[in-house]
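Asker: I am attaching a structure below and will ask some questions about it afterwards.
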Amino acid sequence: MYDAQRKVWWTKGEEQETGKKEFIELLKTLESELRDKTYFGGDDFGYVDIGLIGFYSWFHACEKYGNLNIESECPKLIAWAKTCMQRESVAKSLPDSEKVIKFVTEIRKKFMIE
């Protein structure tokens with residue numbers, strides 16, 4: 001998932017378009033596994049949720065630089081992420097998405113992707 005997500009905010013042109021398609025396809029696969037459950041394990045927050053929630057911090061950067069609307073593509077996955085973020089342990093562990101966007105902006109400028 002990291003590689004596809006990185007292509008969305010790190011690249012331009014055809015490579016970015018390929019990354020966007022891969023990324024959305026991965027998210028839709030995850031959403032199909034989630035179905036109507038609160039968490040991937042059902043009613044309990046578990047290892048899969050812990051392993052995946054960290055990617056959520058980068059979604060806003062992907063939306064900004066990839067011109068995506070992840071919530072419209074995968075509403076159940078975003079609802080899951082918002083539920084996870086209500087957990088104090090998760091909210092305290094993940095960086096604010098605005099800080100991630102600032103970081104990505106600086107990286108893109110440094111490597112002349114802008």
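Residues are named by chain letter and number: chains run A, B, ... in the order of the structure tokens, numbers start at 1 in each chain, and ligands are numbered from 1 in the order shown.
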If we count only C-alpha atoms, what is near region 99-103 of chain A at a cut-off of 8 Å, once residues fewer than 5 positions away on the same chain are taken out, given as a compact mmCIF listing (two decimals) with all heavy atoms, in the first residue's frame?

Answerer:
```txt
# COMPACT_ATOMS: atom_id res chain seq x y z
N SER A 57 -3.29 8.87 8.12
CA SER A 57 -2.67 10.20 8.29
C SER A 57 -2.23 10.80 6.96
O SER A 57 -2.10 12.02 6.83
CB SER A 57 -1.45 10.10 9.20
OG SER A 57 -1.80 9.65 10.46
N TRP A 58 -1.97 9.95 5.99
CA TRP A 58 -1.46 10.40 4.69
C TRP A 58 -2.57 10.61 3.66
O TRP A 58 -2.32 11.10 2.56
CB TRP A 58 -0.45 9.39 4.17
CG TRP A 58 0.78 9.36 5.01
CD1 TRP A 58 0.94 8.73 6.22
CD2 TRP A 58 2.01 10.02 4.75
NE1 TRP A 58 2.20 8.95 6.70
CE2 TRP A 58 2.89 9.75 5.81
CE3 TRP A 58 2.46 10.81 3.69
CZ2 TRP A 58 4.18 10.24 5.86
CZ3 TRP A 58 3.75 11.30 3.73
CH2 TRP A 58 4.59 11.01 4.82
N HIS A 60 -5.04 12.74 3.45
CA HIS A 60 -5.29 14.12 3.04
C HIS A 60 -4.22 14.63 2.07
O HIS A 60 -4.51 15.38 1.15
CB HIS A 60 -5.43 15.04 4.26
CG HIS A 60 -6.68 14.77 5.03
ND1 HIS A 60 -6.71 13.95 6.12
CD2 HIS A 60 -7.96 15.18 4.83
CE1 HIS A 60 -7.95 13.88 6.58
NE2 HIS A 60 -8.72 14.61 5.81
N ALA A 61 -2.98 14.20 2.27
CA ALA A 61 -1.91 14.58 1.33
C ALA A 61 -2.17 13.93 -0.02
O ALA A 61 -1.96 14.57 -1.07
CB ALA A 61 -0.55 14.15 1.87
```

Asker: Using only C-alpha atoms, find each residue of region 44-97 of chain A with at least one atom at most 10 Å away from an atom of region 12-22 of chain A; report its shortest atom-to-atom pair and that distance in Å (one decimal), sort the rows by chain and rising residue number, and return the result as JSON lines.

Answerer:
```
{"residue": "A:Cys62", "atom": "CA", "partner": "A:Lys20", "partner_atom": "CA", "distance": 8.6}
{"residue": "A:Glu63", "atom": "CA", "partner": "A:Lys20", "partner_atom": "CA", "distance": 9.8}
{"residue": "A:Tyr65", "atom": "CA", "partner": "A:Lys12", "partner_atom": "CA", "distance": 9.0}
{"residue": "A:Gly66", "atom": "CA", "partner": "A:Lys20", "partner_atom": "CA", "distance": 6.9}
{"residue": "A:Asn67", "atom": "CA", "partner": "A:Lys20", "partner_atom": "CA", "distance": 9.2}
{"residue": "A:Leu68", "atom": "CA", "partner": "A:Lys20", "partner_atom": "CA", "distance": 8.1}
```

Asker: Using only C-alpha atoms, find the one residue out of A:Ser32, A:Ala91, A:Phe40, A:Phe55 that sits nearest to Met1 (chain A).

Answerer: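 Checking each candidate against Met1 (chain A), we get A:Phe55 as the closest.
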
Asker: Enumerate the residues of chain A with a DSSP assignment of alpha helix (DSSP H), computed from the backbone, and present them as a ChimeraX atom specification.

Answerer: /A:2-10,13-34,47-53,59-66,70-73,75-85,88-93,97-110

Asker: With distances taken over only C-alpha atoms, which residue among A:Phe59, A:Trp10, A:Asp36, A:Ala4 lies nearest Arg108 (chain A)?

Answerer: A:Trp10

Asker: Name the closest residue to Lys28 (chain A) among the candidates A:Cys74, A:Val48, A:Ile113, A:Gln86; distances are taken between atoms, counting only C-alpha atoms.

Answerer: A:Cys74

Asker: Determine the nearest neighbour of Arg6 (chain A) from the options A:Glu33, A:Phe23, A:Asp44, A:Ile53, counting only C-alpha atoms.

Answerer: A:Phe23

Asker: List the neighbours of Val90 (chain A) out to 9 Å using only C-alpha atoms; skip same-chain residues closer than 4 positions along the sequence, and give me the result as a list in words.

Answerer: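 Skipping anything fewer than 4 positions along the chain leaves Ile50, Ile53, Gly54, Cys84, Met85, Gln86 and Leu94 of chain A.
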